[in-house]
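input-v7.tsv (TSV, C-alpha atoms)
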```tsv
chain	number	residue	atom	x	y	z
V	94	MET	CA	1.58	15.52	-40.91
V	95	ALA	CA	3.23	12.45	-42.41
V	96	LEU	CA	6.47	11.26	-40.81
V	97	SER	CA	9.20	10.09	-43.15
V	98	ARG	CA	11.62	7.31	-42.28
V	99	ALA	CA	14.37	9.85	-42.93
V	100	ASP	CA	13.01	12.05	-40.13
V	101	THR	CA	15.63	11.96	-37.34
V	102	SER	CA	13.66	14.04	-34.84
V	103	VAL	CA	12.62	12.51	-31.52
V	104	LEU	CA	9.03	12.11	-32.72
V	105	GLY	CA	10.12	10.72	-36.09
V	106	ARG	CA	12.40	8.09	-34.56
V	107	TRP	CA	9.68	7.22	-32.04
V	108	TRP	CA	7.03	6.67	-34.70
V	109	TRP	CA	9.17	4.28	-36.73
V	110	THR	CA	10.56	2.34	-33.77
V	111	VAL	CA	7.59	2.04	-31.39
V	112	ASP	CA	5.30	-0.99	-31.64
V	113	ARG	CA	2.33	0.72	-33.29
V	114	TRP	CA	0.16	-2.42	-33.09
V	115	THR	CA	0.50	-2.56	-29.32
V	116	LEU	CA	-0.09	1.19	-29.10
V	117	ALA	CA	-3.27	0.84	-31.17
V	118	ALA	CA	-4.50	-2.03	-28.96
V	119	LEU	CA	-3.90	0.03	-25.82
V	120	LEU	CA	-5.79	2.97	-27.30
V	121	MET	CA	-8.61	0.55	-28.14
V	122	LEU	CA	-8.80	-0.39	-24.45
V	123	VAL	CA	-8.98	3.31	-23.55
V	124	GLY	CA	-11.90	3.58	-25.98
V	125	PHE	CA	-13.61	0.61	-24.35
V	126	GLY	CA	-13.06	2.29	-20.99
V	127	TYR	CA	-14.83	5.44	-22.14
V	128	VAL	CA	-17.81	3.50	-23.52
V	129	MET	CA	-18.09	1.39	-20.35
V	130	LEU	CA	-17.92	4.54	-18.26
V	131	LEU	CA	-20.86	6.03	-20.16
V	132	ALA	CA	-22.81	2.82	-19.56
V	133	ALA	CA	-22.03	2.16	-15.90
V	134	SER	CA	-21.25	5.39	-14.05
V	135	PRO	CA	-24.46	7.51	-14.25
V	136	GLY	CA	-26.44	4.94	-12.27
V	137	VAL	CA	-23.72	4.74	-9.62
V	138	ALA	CA	-23.56	8.54	-9.32
V	139	GLU	CA	-27.33	8.70	-8.93
V	140	ARG	CA	-27.37	5.93	-6.32
V	141	ILE	CA	-24.79	7.62	-4.09
V	142	GLY	CA	-26.53	10.99	-4.41
V	143	ALA	CA	-23.77	12.75	-6.38
V	144	SER	CA	-24.36	16.33	-7.47
V	145	SER	CA	-24.26	15.29	-11.13
V	146	ARG	CA	-24.95	12.02	-12.96
V	147	ASP	CA	-21.88	12.82	-15.06
V	148	LEU	CA	-19.56	13.15	-12.07
V	149	PHE	CA	-17.60	9.95	-12.71
V	150	ILE	CA	-17.61	10.50	-16.47
V	151	LEU	CA	-16.02	13.94	-16.21
V	152	LYS	CA	-13.36	12.73	-13.80
V	153	GLN	CA	-12.48	9.61	-15.76
V	154	VAL	CA	-12.39	11.38	-19.13
V	155	PHE	CA	-9.72	13.63	-17.63
V	156	PHE	CA	-7.77	10.62	-16.31
V	157	LEU	CA	-8.09	8.72	-19.59
V	158	GLY	CA	-6.80	11.70	-21.55
V	159	LEU	CA	-3.96	12.14	-19.07
V	160	SER	CA	-3.13	8.44	-19.31
V	161	ILE	CA	-2.69	8.67	-23.09
V	162	GLY	CA	-0.32	11.60	-22.63
V	163	VAL	CA	1.65	9.80	-19.90
V	164	MET	CA	1.93	6.63	-21.99
V	165	VAL	CA	3.16	8.44	-25.12
V	166	VAL	CA	5.61	10.72	-23.29
V	167	ILE	CA	7.20	7.84	-21.36
V	168	SER	CA	7.40	5.71	-24.52
V	169	LEU	CA	9.65	8.44	-25.98
V	170	LEU	CA	12.30	7.84	-23.30
V	171	PRO	CA	15.53	5.93	-23.98
V	172	VAL	CA	16.20	2.79	-21.95
V	173	LYS	CA	18.47	4.44	-19.39
V	174	GLN	CA	15.88	7.11	-18.66
V	175	VAL	CA	13.20	4.44	-18.21
V	176	ARG	CA	15.41	2.76	-15.62
V	177	ARG	CA	16.00	6.03	-13.76
V	178	LEU	CA	12.30	6.91	-13.84
V	179	ALA	CA	11.39	3.48	-12.46
V	180	LEU	CA	13.98	3.81	-9.67
V	181	LEU	CA	12.66	7.21	-8.58
V	182	GLY	CA	9.07	6.05	-8.93
V	183	PHE	CA	9.74	2.90	-6.93
V	184	PHE	CA	11.18	4.61	-3.86
V	185	GLY	CA	8.61	7.41	-4.01
V	186	ALA	CA	5.70	4.95	-4.29
V	187	LEU	CA	7.19	2.72	-1.58
V	188	LEU	CA	7.42	5.63	0.86
V	189	MET	CA	3.85	6.71	0.12
V	190	THR	CA	2.59	3.13	0.38
V	191	ALA	CA	4.28	2.84	3.77
V	192	ALA	CA	2.69	6.17	4.74
V	193	THR	CA	-0.77	4.69	4.21
V	194	LEU	CA	-0.19	2.48	7.26
V	195	SER	CA	-0.34	5.52	9.53
V	196	MET	CA	-1.94	8.26	7.42
V	197	GLY	CA	-4.09	6.23	5.06
V	198	VAL	CA	-7.85	6.09	4.78
V	199	GLU	CA	-9.29	2.80	6.04
V	200	ILE	CA	-11.84	1.26	3.65
V	201	LYS	CA	-13.22	-2.25	4.12
V	202	GLY	CA	-10.61	-3.07	6.73
V	203	ALA	CA	-7.56	-2.01	4.67
V	204	ARG	CA	-5.42	1.13	4.52
V	205	ARG	CA	-4.42	1.60	0.88
V	206	TRP	CA	-5.33	5.20	0.04
V	207	LEU	CA	-3.95	8.65	0.79
V	208	HIS	CA	-6.14	11.74	0.75
V	209	LEU	CA	-4.51	14.45	-1.36
V	210	PRO	CA	-5.99	17.85	-2.34
V	211	GLY	CA	-8.81	17.11	-4.77
V	212	MET	CA	-8.16	13.38	-5.08
V	213	THR	CA	-7.53	10.05	-3.36
V	214	LEU	CA	-4.32	8.24	-4.33
V	215	GLN	CA	-3.50	4.53	-4.11
V	216	PRO	CA	0.33	4.59	-4.24
V	217	SER	CA	0.70	0.79	-4.42
V	218	GLU	CA	-0.69	0.97	-7.97
V	219	PHE	CA	2.44	2.88	-9.01
V	220	LEU	CA	4.64	0.56	-6.97
V	221	LYS	CA	3.78	-2.41	-9.21
V	222	PRO	CA	5.22	-1.27	-12.57
V	223	CYS	CA	8.18	0.54	-11.02
V	224	PHE	CA	9.16	-2.52	-8.98
V	225	ALA	CA	8.99	-4.73	-12.09
V	226	VAL	CA	11.53	-2.52	-13.88
V	227	VAL	CA	13.80	-2.06	-10.84
V	228	ALA	CA	13.81	-5.83	-10.20
V	229	ALA	CA	14.64	-6.41	-13.87
V	230	TRP	CA	17.59	-4.02	-13.61
V	231	LEU	CA	19.00	-5.77	-10.52
V	232	LEU	CA	18.50	-9.27	-11.92
V	233	SER	CA	20.13	-8.27	-15.20
V	234	GLU	CA	23.21	-7.15	-13.24
V	235	THR	CA	23.70	-10.65	-11.78
V	236	ARG	CA	25.95	-11.62	-14.70
V	237	SER	CA	28.32	-8.72	-14.00
V	238	ILE	CA	28.32	-8.32	-10.20
V	239	GLY	CA	27.18	-11.78	-9.16
V	240	TRP	CA	24.75	-12.99	-6.51
V	241	ARG	CA	24.63	-9.68	-4.65
V	242	ALA	CA	22.31	-8.24	-7.32
V	243	THR	CA	19.86	-11.11	-6.87
V	244	VAL	CA	19.99	-10.69	-3.09
V	245	ALA	CA	19.26	-6.98	-3.49
V	246	ALA	CA	16.27	-7.74	-5.73
V	247	CYS	CA	14.95	-10.29	-3.22
V	248	PHE	CA	15.41	-7.81	-0.38
V	249	LEU	CA	13.39	-5.16	-2.23
V	250	PHE	CA	10.66	-7.71	-2.95
V	251	LEU	CA	10.46	-8.67	0.74
V	252	LEU	CA	10.27	-4.98	1.62
V	253	VAL	CA	7.38	-4.46	-0.82
V	254	ALA	CA	5.69	-7.67	0.36
V	255	GLY	CA	5.90	-6.59	3.98
V	256	VAL	CA	4.27	-3.22	3.31
V	257	LEU	CA	1.50	-4.74	1.18
V	258	ALA	CA	0.79	-7.47	3.73
V	259	LYS	CA	0.59	-4.86	6.48
V	260	GLN	CA	-2.11	-2.83	4.67
V	261	PRO	CA	-3.30	-5.62	3.96
V	262	ASP	CA	-3.57	-5.98	0.16
V	263	MET	CA	-3.12	-9.67	-0.58
V	264	GLY	CA	-4.30	-9.36	-4.19
V	265	MET	CA	-1.64	-6.78	-4.97
V	266	LEU	CA	0.94	-8.91	-3.16
V	267	ILE	CA	-0.01	-11.96	-5.24
V	268	VAL	CA	0.44	-9.98	-8.46
V	269	VAL	CA	3.81	-8.53	-7.42
V	270	GLY	CA	4.98	-11.98	-6.24
V	271	ALA	CA	3.92	-13.64	-9.51
V	272	VAL	CA	5.72	-10.96	-11.53
V	273	PHE	CA	8.91	-11.37	-9.52
V	274	CYS	CA	8.82	-15.17	-9.82
V	275	ALA	CA	8.34	-14.87	-13.59
V	276	GLN	CA	11.36	-12.58	-13.79
V	277	LEU	CA	13.47	-14.96	-11.68
V	278	PHE	CA	12.52	-17.81	-14.02
V	279	VAL	CA	13.33	-15.86	-17.20
V	280	ALA	CA	16.60	-14.62	-15.67
V	281	GLY	CA	17.73	-18.25	-15.36
V	282	ILE	CA	17.97	-18.23	-11.58
V	283	ASN	CA	18.47	-21.67	-10.02
V	284	MET	CA	15.16	-23.53	-10.19
V	285	ILE	CA	15.48	-24.48	-6.53
V	286	ILE	CA	15.28	-20.79	-5.65
V	287	VAL	CA	12.30	-20.24	-7.97
V	288	ALA	CA	10.55	-23.32	-6.50
V	289	GLY	CA	11.33	-22.04	-3.02
V	290	CYS	CA	9.65	-18.73	-3.85
V	291	GLY	CA	6.60	-20.65	-5.05
V	292	VAL	CA	6.45	-22.70	-1.84
V	293	ALA	CA	6.88	-19.54	0.22
V	294	GLY	CA	3.95	-18.00	-1.66
V	295	VAL	CA	1.72	-21.00	-0.93
V	296	VAL	CA	2.73	-20.99	2.75
V	297	GLY	CA	2.08	-17.25	2.91
V	298	GLY	CA	-1.37	-17.73	1.39
V	299	VAL	CA	-2.23	-20.40	3.96
V	300	MET	CA	-1.05	-18.18	6.79
V	301	ALA	CA	-3.06	-15.26	5.42
V	302	TYR	CA	-6.15	-17.46	5.39
V	303	PHE	CA	-5.87	-18.08	9.13
V	304	VAL	CA	-4.62	-14.62	10.13
V	305	LEU	CA	-6.67	-12.24	7.96
V	306	PRO	CA	-10.46	-12.53	8.43
V	307	HIS	CA	-11.21	-10.53	5.28
V	308	PHE	CA	-9.03	-12.82	3.15
V	309	ARG	CA	-10.51	-15.94	4.76
V	310	SER	CA	-14.04	-14.66	4.15
V	311	ARG	CA	-13.43	-14.26	0.42
V	312	ILE	CA	-12.03	-17.77	0.10
V	313	ASP	CA	-14.91	-19.26	2.10
V	314	ARG	CA	-17.54	-17.42	0.07
V	315	PHE	CA	-15.95	-18.64	-3.15
V	316	LEU	CA	-15.85	-22.28	-2.02
V	317	ASN	CA	-19.25	-22.11	-0.32
V	318	PRO	CA	-21.46	-19.21	-1.50
V	319	GLU	CA	-23.90	-19.86	1.32
V	320	SER	CA	-21.26	-19.03	3.93
V	321	GLY	CA	-21.50	-15.28	3.38
V	322	ASP	CA	-22.57	-12.36	1.21
V	323	THR	CA	-22.04	-13.01	-2.52
V	324	TYR	CA	-24.40	-10.28	-3.70
V	325	GLN	CA	-22.17	-8.61	-6.31
V	326	VAL	CA	-20.96	-11.87	-7.86
V	327	THR	CA	-24.52	-13.21	-8.03
V	328	ILE	CA	-25.78	-10.05	-9.77
V	329	ALA	CA	-22.78	-10.08	-12.10
V	330	MET	CA	-23.49	-13.65	-13.20
V	331	GLU	CA	-27.13	-12.72	-13.79
V	332	ALA	CA	-25.95	-9.78	-15.90
V	333	PHE	CA	-23.90	-12.05	-18.15
V	334	GLY	CA	-26.89	-14.35	-18.55
V	335	HIS	CA	-29.20	-11.44	-19.29
V	336	GLY	CA	-26.86	-10.06	-21.96
V	337	GLY	CA	-26.52	-13.31	-23.88
V	338	MET	CA	-24.53	-13.29	-27.12
V	339	LEU	CA	-25.12	-9.71	-28.35
V	340	GLY	CA	-26.32	-7.90	-25.21
V	341	VAL	CA	-29.43	-5.88	-24.52
V	342	GLY	CA	-28.02	-2.71	-26.07
V	343	PRO	CA	-26.07	0.36	-24.89
V	344	GLY	CA	-27.72	1.95	-21.88
V	345	GLU	CA	-30.41	-0.72	-21.69
V	346	GLY	CA	-28.91	-2.83	-18.92
V	347	ARG	CA	-31.01	-3.05	-15.76
V	348	LEU	CA	-28.86	-5.25	-13.51
V	349	LYS	CA	-25.93	-2.79	-13.58
V	350	GLY	CA	-28.05	-0.51	-11.42
V	351	LEU	CA	-27.90	-3.12	-8.67
V	352	LEU	CA	-24.10	-3.41	-8.68
V	353	PRO	CA	-22.38	-1.02	-6.22
V	354	ASP	CA	-19.07	-1.38	-8.11
V	355	ALA	CA	-20.53	-1.48	-11.63
V	356	HIS	CA	-18.16	1.28	-12.78
V	357	ALA	CA	-15.07	-0.20	-11.12
V	358	ASP	CA	-14.31	-3.81	-10.19
V	359	PHE	CA	-17.41	-5.23	-11.91
V	360	VAL	CA	-17.39	-3.20	-15.11
V	361	PHE	CA	-16.85	-6.42	-17.10
V	362	ALA	CA	-20.35	-7.53	-16.02
V	363	VAL	CA	-21.78	-4.30	-17.48
V	364	ALA	CA	-20.04	-5.11	-20.77
V	365	GLY	CA	-21.56	-8.58	-20.65
V	366	GLU	CA	-25.10	-7.32	-20.05
V	367	GLU	CA	-25.20	-4.44	-22.51
V	368	PHE	CA	-22.88	-5.68	-25.27
V	369	GLY	CA	-22.97	-9.44	-24.79
V	370	LEU	CA	-20.51	-12.28	-25.09
V	371	ALA	CA	-19.15	-10.99	-28.40
V	372	ILE	CA	-17.71	-7.79	-26.91
V	373	CYS	CA	-16.47	-9.63	-23.81
V	374	LEU	CA	-14.50	-11.98	-26.06
V	375	LEU	CA	-13.19	-9.01	-28.04
V	376	ILE	CA	-11.96	-7.33	-24.84
V	377	LEU	CA	-10.31	-10.59	-23.79
V	378	ALA	CA	-8.71	-10.89	-27.24
V	379	VAL	CA	-7.27	-7.36	-27.03
V	380	PHE	CA	-5.65	-8.09	-23.67
V	381	GLY	CA	-4.30	-11.38	-25.01
V	382	PHE	CA	-2.98	-9.67	-28.14
V	383	ILE	CA	-1.06	-7.07	-26.12
V	384	VAL	CA	0.60	-9.72	-23.95
V	385	LEU	CA	1.45	-12.09	-26.81
V	386	ARG	CA	2.59	-9.27	-29.09
V	387	GLY	CA	4.89	-7.97	-26.37
V	388	MET	CA	6.40	-11.41	-25.78
V	389	LEU	CA	6.95	-11.93	-29.51
V	390	ARG	CA	8.61	-8.52	-29.67
V	391	LEU	CA	11.27	-9.84	-27.26
V	392	LEU	CA	12.27	-12.89	-29.31
V	393	GLY	CA	15.23	-11.23	-30.98
V	394	GLU	CA	16.20	-9.06	-28.01
V	395	LYS	CA	19.73	-9.42	-26.58
V	396	ASP	CA	19.55	-7.00	-23.66
V	397	LEU	CA	18.61	-8.98	-20.52
V	398	PHE	CA	17.31	-5.89	-18.75
V	399	ILE	CA	14.84	-5.18	-21.56
V	400	ILE	CA	13.74	-8.83	-21.62
V	401	LEU	CA	13.16	-8.97	-17.87
V	402	GLY	CA	11.57	-5.54	-17.65
V	403	ALA	CA	9.12	-6.18	-20.48
V	404	THR	CA	8.35	-9.66	-19.13
V	405	GLY	CA	7.50	-8.23	-15.72
V	406	LEU	CA	5.30	-5.46	-17.13
V	407	LEU	CA	3.45	-7.83	-19.47
V	408	THR	CA	2.94	-10.43	-16.72
V	409	GLN	CA	1.56	-7.76	-14.42
V	410	PHE	CA	-0.75	-6.31	-17.09
V	411	GLY	CA	-2.12	-9.69	-18.18
V	412	LEU	CA	-2.49	-11.05	-14.64
V	413	GLN	CA	-4.36	-7.96	-13.45
V	414	ALA	CA	-6.81	-8.28	-16.35
V	415	PHE	CA	-7.22	-12.00	-15.68
V	416	ILE	CA	-7.92	-11.50	-11.96
V	417	ASN	CA	-10.57	-8.87	-12.65
V	418	MET	CA	-12.40	-10.86	-15.33
V	419	ALA	CA	-12.07	-14.22	-13.57
V	420	SER	CA	-13.37	-12.88	-10.26
V	421	THR	CA	-16.32	-11.21	-12.03
V	422	LEU	CA	-17.12	-14.57	-13.65
V	423	HIS	CA	-16.76	-16.32	-10.26
V	424	LEU	CA	-13.82	-18.41	-11.49
V	425	ILE	CA	-11.65	-17.26	-8.58
V	426	PRO	CA	-12.39	-15.54	-5.24
V	427	THR	CA	-13.41	-11.92	-5.63
V	428	LYS	CA	-10.61	-9.34	-5.51
V	429	GLY	CA	-10.95	-5.59	-5.72
V	430	MET	CA	-8.67	-5.18	-8.74
V	431	THR	CA	-9.44	-2.93	-11.67
V	432	LEU	CA	-9.64	-3.94	-15.33
V	433	PRO	CA	-6.77	-1.99	-16.95
V	434	PHE	CA	-7.94	1.18	-18.76
V	435	ILE	CA	-11.59	0.09	-18.51
V	436	SER	CA	-12.48	0.30	-14.81
V	437	TYR	CA	-13.01	3.65	-13.13
V	438	GLY	CA	-10.12	4.89	-11.01
V	439	GLY	CA	-7.55	7.63	-11.49
V	440	SER	CA	-4.65	5.91	-9.69
V	441	SER	CA	-5.20	2.68	-11.60
V	442	VAL	CA	-5.48	4.28	-15.04
V	443	ILE	CA	-2.38	6.49	-14.64
V	444	ALA	CA	-0.35	3.63	-13.11
V	445	VAL	CA	-1.26	1.30	-15.97
V	446	ALA	CA	-0.33	4.04	-18.44
V	447	LEU	CA	3.01	4.41	-16.66
V	448	GLY	CA	3.68	0.68	-17.00
V	449	MET	CA	2.58	0.48	-20.63
V	450	GLY	CA	4.58	3.58	-21.50
V	451	MET	CA	7.70	1.92	-20.09
V	452	LEU	CA	6.82	-1.26	-22.01
V	453	LEU	CA	6.54	0.67	-25.29
V	454	ALA	CA	9.85	2.40	-24.55
V	455	LEU	CA	11.65	-0.87	-23.76
V	456	THR	CA	10.31	-2.71	-26.82
V	457	ARG	CA	11.10	0.00	-29.36
V	458	ARG	CA	13.37	-1.18	-32.17
V	459	ARG	CA	16.79	0.29	-31.45
V	460	LEU	CA	17.80	1.44	-34.91
V	461	MET	CA	20.64	3.54	-33.54
V	462	ARG	CA	22.93	2.93	-30.62
V	463	ALA	CA	22.03	6.35	-29.27
V	464	ASP	CA	18.44	5.23	-28.69
V	465	ALA	CA	19.59	3.09	-25.80
V	466	GLU	CA	21.60	5.85	-24.16
```

Using structure tokens, write down the structure that the file contains.
Amino acid sequence: MALSRADTSVLGRWWWTVDRWTLAALLMLVGFGYVMLLAASPGVAERIGASSRDLFILKQVFFLGLSIGVMVVISLLPVKQVRRLALLGFFGALLMTAATLSMGVEIKGARRWLHLPGMTLQPSEFLKPCFAVVAAWLLSETRSIGWRATVAACFLFLLVAGVLAKQPDMGMLIVVGAVFCAQLFVAGINMIIVAGCGVAGVVGGVMAYFVLPHFRSRIDRFLNPESGDTYQVTIAMEAFGHGGMLGVGPGEGRLKGLLPDAHADFVFAVAGEEFGLAICLLILAVFGFIVLRGMLRLLGEKDLFIILGATGLLTQFGLQAFINMASTLHLIPTKGMTLPFISYGGSSVIAVALGMGMLLALTRRRLMRADAE
């Protein structure tokens, strides 16, 4: 059914005000995720002795479909409702993230997951986008209520940082810290404060190196591969080399069968082996397009909350993609972080959909004053 510009229904106004280019790019990533799942997951399911080779496919197809619904429904919300949703989501995710410290499942030395009926949830994934919007709201209030809003935002960041460091999840903490610093910079906060946050981040990283053996091991293995196990990175680099420019063809990759996390953190290596450099560059271009398109969408925006909220969500989205691809290519130390919409993982996919839905809602063209109410 065609939607006319004269259509004043919720769906009609949404269609003509939402950024359809960004929406199309996000749906393209969902499509890539489905194709990569078909390529990478059957071998993983077979290796772990799952009851069906299609186990991961069936689960992720459900989560991908749900993510599209979540993203579209949230993009329909007016700005005030986005803010309220983020506030509720932030405190709910913070409480559940804190609960992982005592009730969480320990995997590889970290407690980041909660066992729920029928699924395992990583609440810190939902904490990221919700914190970006809540921090944007507080920082945007600085002009009206003064320094207390900035102090409140910094307090919430320290609260989040403390919980993430306790798990520990240094990669997630780095992303949240980078997002918050970007928002402080865009908000026009005194550069001394922004620089101080940067110095604090560096000092925190140095302390983590000496205090957290797992974190230190990853840094050491990156700087000196002979100092520890670099099996997955080594296989991933071989996969890129084997794929060459155009890849070996869908389903023809052999090295993916040797990667324990081929369907998750190292799915980019599967793309490199089976579809080659060309598709890897296309995936990179789609991520870059979404970030740049979102930033350009803000050029004429007057609402500081929208500017800060969208900046935080875009920084988080782009940085998460960069960390995943760069660690797979051995450009940075390895970090268990998913590639948005492409890696396997229900919590990750739904959380990214939540963030991108809020981004689409914030960047809609406000043709009527009521849209912002």

Counting only C-alpha atoms, write as a PyMOL selection string all protein and nucleic acid residues lying at most 10 Å from (15.8, -7.3, -18.5) in the file's frame.
-> chain V and resi 225-234+276+279-280+394-405+455

Could the residues in this selection be saved with C-alpha atoms as a short mmCIF file (atom, residue, chain, number, x, y, z; two decimals), in the coordinates of the input?
```cif
data_model
loop_
_atom_site.label_atom_id
_atom_site.label_comp_id
_atom_site.auth_asym_id
_atom_site.auth_seq_id
_atom_site.Cartn_x
_atom_site.Cartn_y
_atom_site.Cartn_z
CA ALA V 225 8.99 -4.73 -12.09
CA VAL V 226 11.53 -2.52 -13.88
CA VAL V 227 13.80 -2.06 -10.84
CA ALA V 228 13.81 -5.83 -10.20
CA ALA V 229 14.64 -6.41 -13.87
CA TRP V 230 17.59 -4.02 -13.61
CA LEU V 231 19.00 -5.77 -10.52
CA LEU V 232 18.50 -9.27 -11.92
CA SER V 233 20.13 -8.27 -15.20
CA GLU V 234 23.21 -7.15 -13.24
CA GLN V 276 11.36 -12.58 -13.79
CA VAL V 279 13.33 -15.86 -17.20
CA ALA V 280 16.60 -14.62 -15.67
CA GLU V 394 16.20 -9.06 -28.01
CA LYS V 395 19.73 -9.42 -26.58
CA ASP V 396 19.55 -7.00 -23.66
CA LEU V 397 18.61 -8.98 -20.52
CA PHE V 398 17.31 -5.89 -18.75
CA ILE V 399 14.84 -5.18 -21.56
CA ILE V 400 13.74 -8.83 -21.62
CA LEU V 401 13.16 -8.97 -17.87
CA GLY V 402 11.57 -5.54 -17.65
CA ALA V 403 9.12 -6.18 -20.48
CA THR V 404 8.35 -9.66 -19.13
CA GLY V 405 7.50 -8.23 -15.72
CA LEU V 455 11.65 -0.87 -23.76
#
```

Long-range neighbours of Met449 of chain V as a VMD selection string, 12 Å cut-off, only C-alpha atoms, 2 positions minimum in chain | chain V and resid 111 to 112 115 to 116 118 to 120 160 to 169 175 219 221 to 223 225 to 226 383 to 384 387 402 to 411 433 to 434 442 to 447 451 to 456

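Among the candidates V:Ile435, V:Val123, V:Leu170, V:Val304, the residue lying nearest to Trp107 of chain V is V:Leu170 (atoms considered: all atoms listed in the file).
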
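Atom CA of Phe250 of chain V is positioned 16.0 Å from atom CA of Ala288 of chain V.
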
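In this model, the gap between atom CA of Leu122 of chain V and atom CA of Leu151 of chain V comes to 18.0 Å.
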
Test item: residues at most 12 Å from Tyr437 of chain V, all atoms listed in the file, excluding those fewer than 5 positions along its chain, as a PDB file with C-alpha atoms, in the coordinates of the input:
```
ATOM      1  CA  VAL V 123      -8.980   3.310 -23.550  1.00  0.00           C
ATOM      2  CA  PHE V 125     -13.610   0.610 -24.350  1.00  0.00           C
ATOM      3  CA  GLY V 126     -13.060   2.290 -20.990  1.00  0.00           C
ATOM      4  CA  TYR V 127     -14.830   5.440 -22.140  1.00  0.00           C
ATOM      5  CA  VAL V 128     -17.810   3.500 -23.520  1.00  0.00           C
ATOM      6  CA  MET V 129     -18.090   1.390 -20.350  1.00  0.00           C
ATOM      7  CA  LEU V 130     -17.920   4.540 -18.260  1.00  0.00           C
ATOM      8  CA  LEU V 131     -20.860   6.030 -20.160  1.00  0.00           C
ATOM      9  CA  ALA V 132     -22.810   2.820 -19.560  1.00  0.00           C
ATOM     10  CA  ALA V 133     -22.030   2.160 -15.900  1.00  0.00           C
ATOM     11  CA  SER V 134     -21.250   5.390 -14.050  1.00  0.00           C
ATOM     12  CA  VAL V 137     -23.720   4.740  -9.620  1.00  0.00           C
ATOM     13  CA  LEU V 148     -19.560  13.150 -12.070  1.00  0.00           C
ATOM     14  CA  PHE V 149     -17.600   9.950 -12.710  1.00  0.00           C
ATOM     15  CA  ILE V 150     -17.610  10.500 -16.470  1.00  0.00           C
ATOM     16  CA  LEU V 151     -16.020  13.940 -16.210  1.00  0.00           C
ATOM     17  CA  LYS V 152     -13.360  12.730 -13.800  1.00  0.00           C
ATOM     18  CA  GLN V 153     -12.480   9.610 -15.760  1.00  0.00           C
ATOM     19  CA  VAL V 154     -12.390  11.380 -19.130  1.00  0.00           C
ATOM     20  CA  PHE V 155      -9.720  13.630 -17.630  1.00  0.00           C
ATOM     21  CA  PHE V 156      -7.770  10.620 -16.310  1.00  0.00           C
ATOM     22  CA  LEU V 157      -8.090   8.720 -19.590  1.00  0.00           C
ATOM     23  CA  ASP V 354     -19.070  -1.380  -8.110  1.00  0.00           C
ATOM     24  CA  ALA V 355     -20.530  -1.480 -11.630  1.00  0.00           C
ATOM     25  CA  HIS V 356     -18.160   1.280 -12.780  1.00  0.00           C
ATOM     26  CA  ALA V 357     -15.070  -0.200 -11.120  1.00  0.00           C
ATOM     27  CA  ASP V 358     -14.310  -3.810 -10.190  1.00  0.00           C
ATOM     28  CA  PHE V 359     -17.410  -5.230 -11.910  1.00  0.00           C
ATOM     29  CA  VAL V 360     -17.390  -3.200 -15.110  1.00  0.00           C
ATOM     30  CA  PHE V 361     -16.850  -6.420 -17.100  1.00  0.00           C
ATOM     31  CA  MET V 430      -8.670  -5.180  -8.740  1.00  0.00           C
ATOM     32  CA  THR V 431      -9.440  -2.930 -11.670  1.00  0.00           C
ATOM     33  CA  LEU V 432      -9.640  -3.940 -15.330  1.00  0.00           C
ATOM     34  CA  VAL V 442      -5.480   4.280 -15.040  1.00  0.00           C
ATOM     35  CA  ILE V 443      -2.380   6.490 -14.640  1.00  0.00           C
TER      36      ILE V 443
END
```

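Minimum distance to Gly438 of chain V across V:Gly105, V:Gly291, V:Thr243, V:Glu218 (counting all atoms listed in the file) occurs at V:Glu218.
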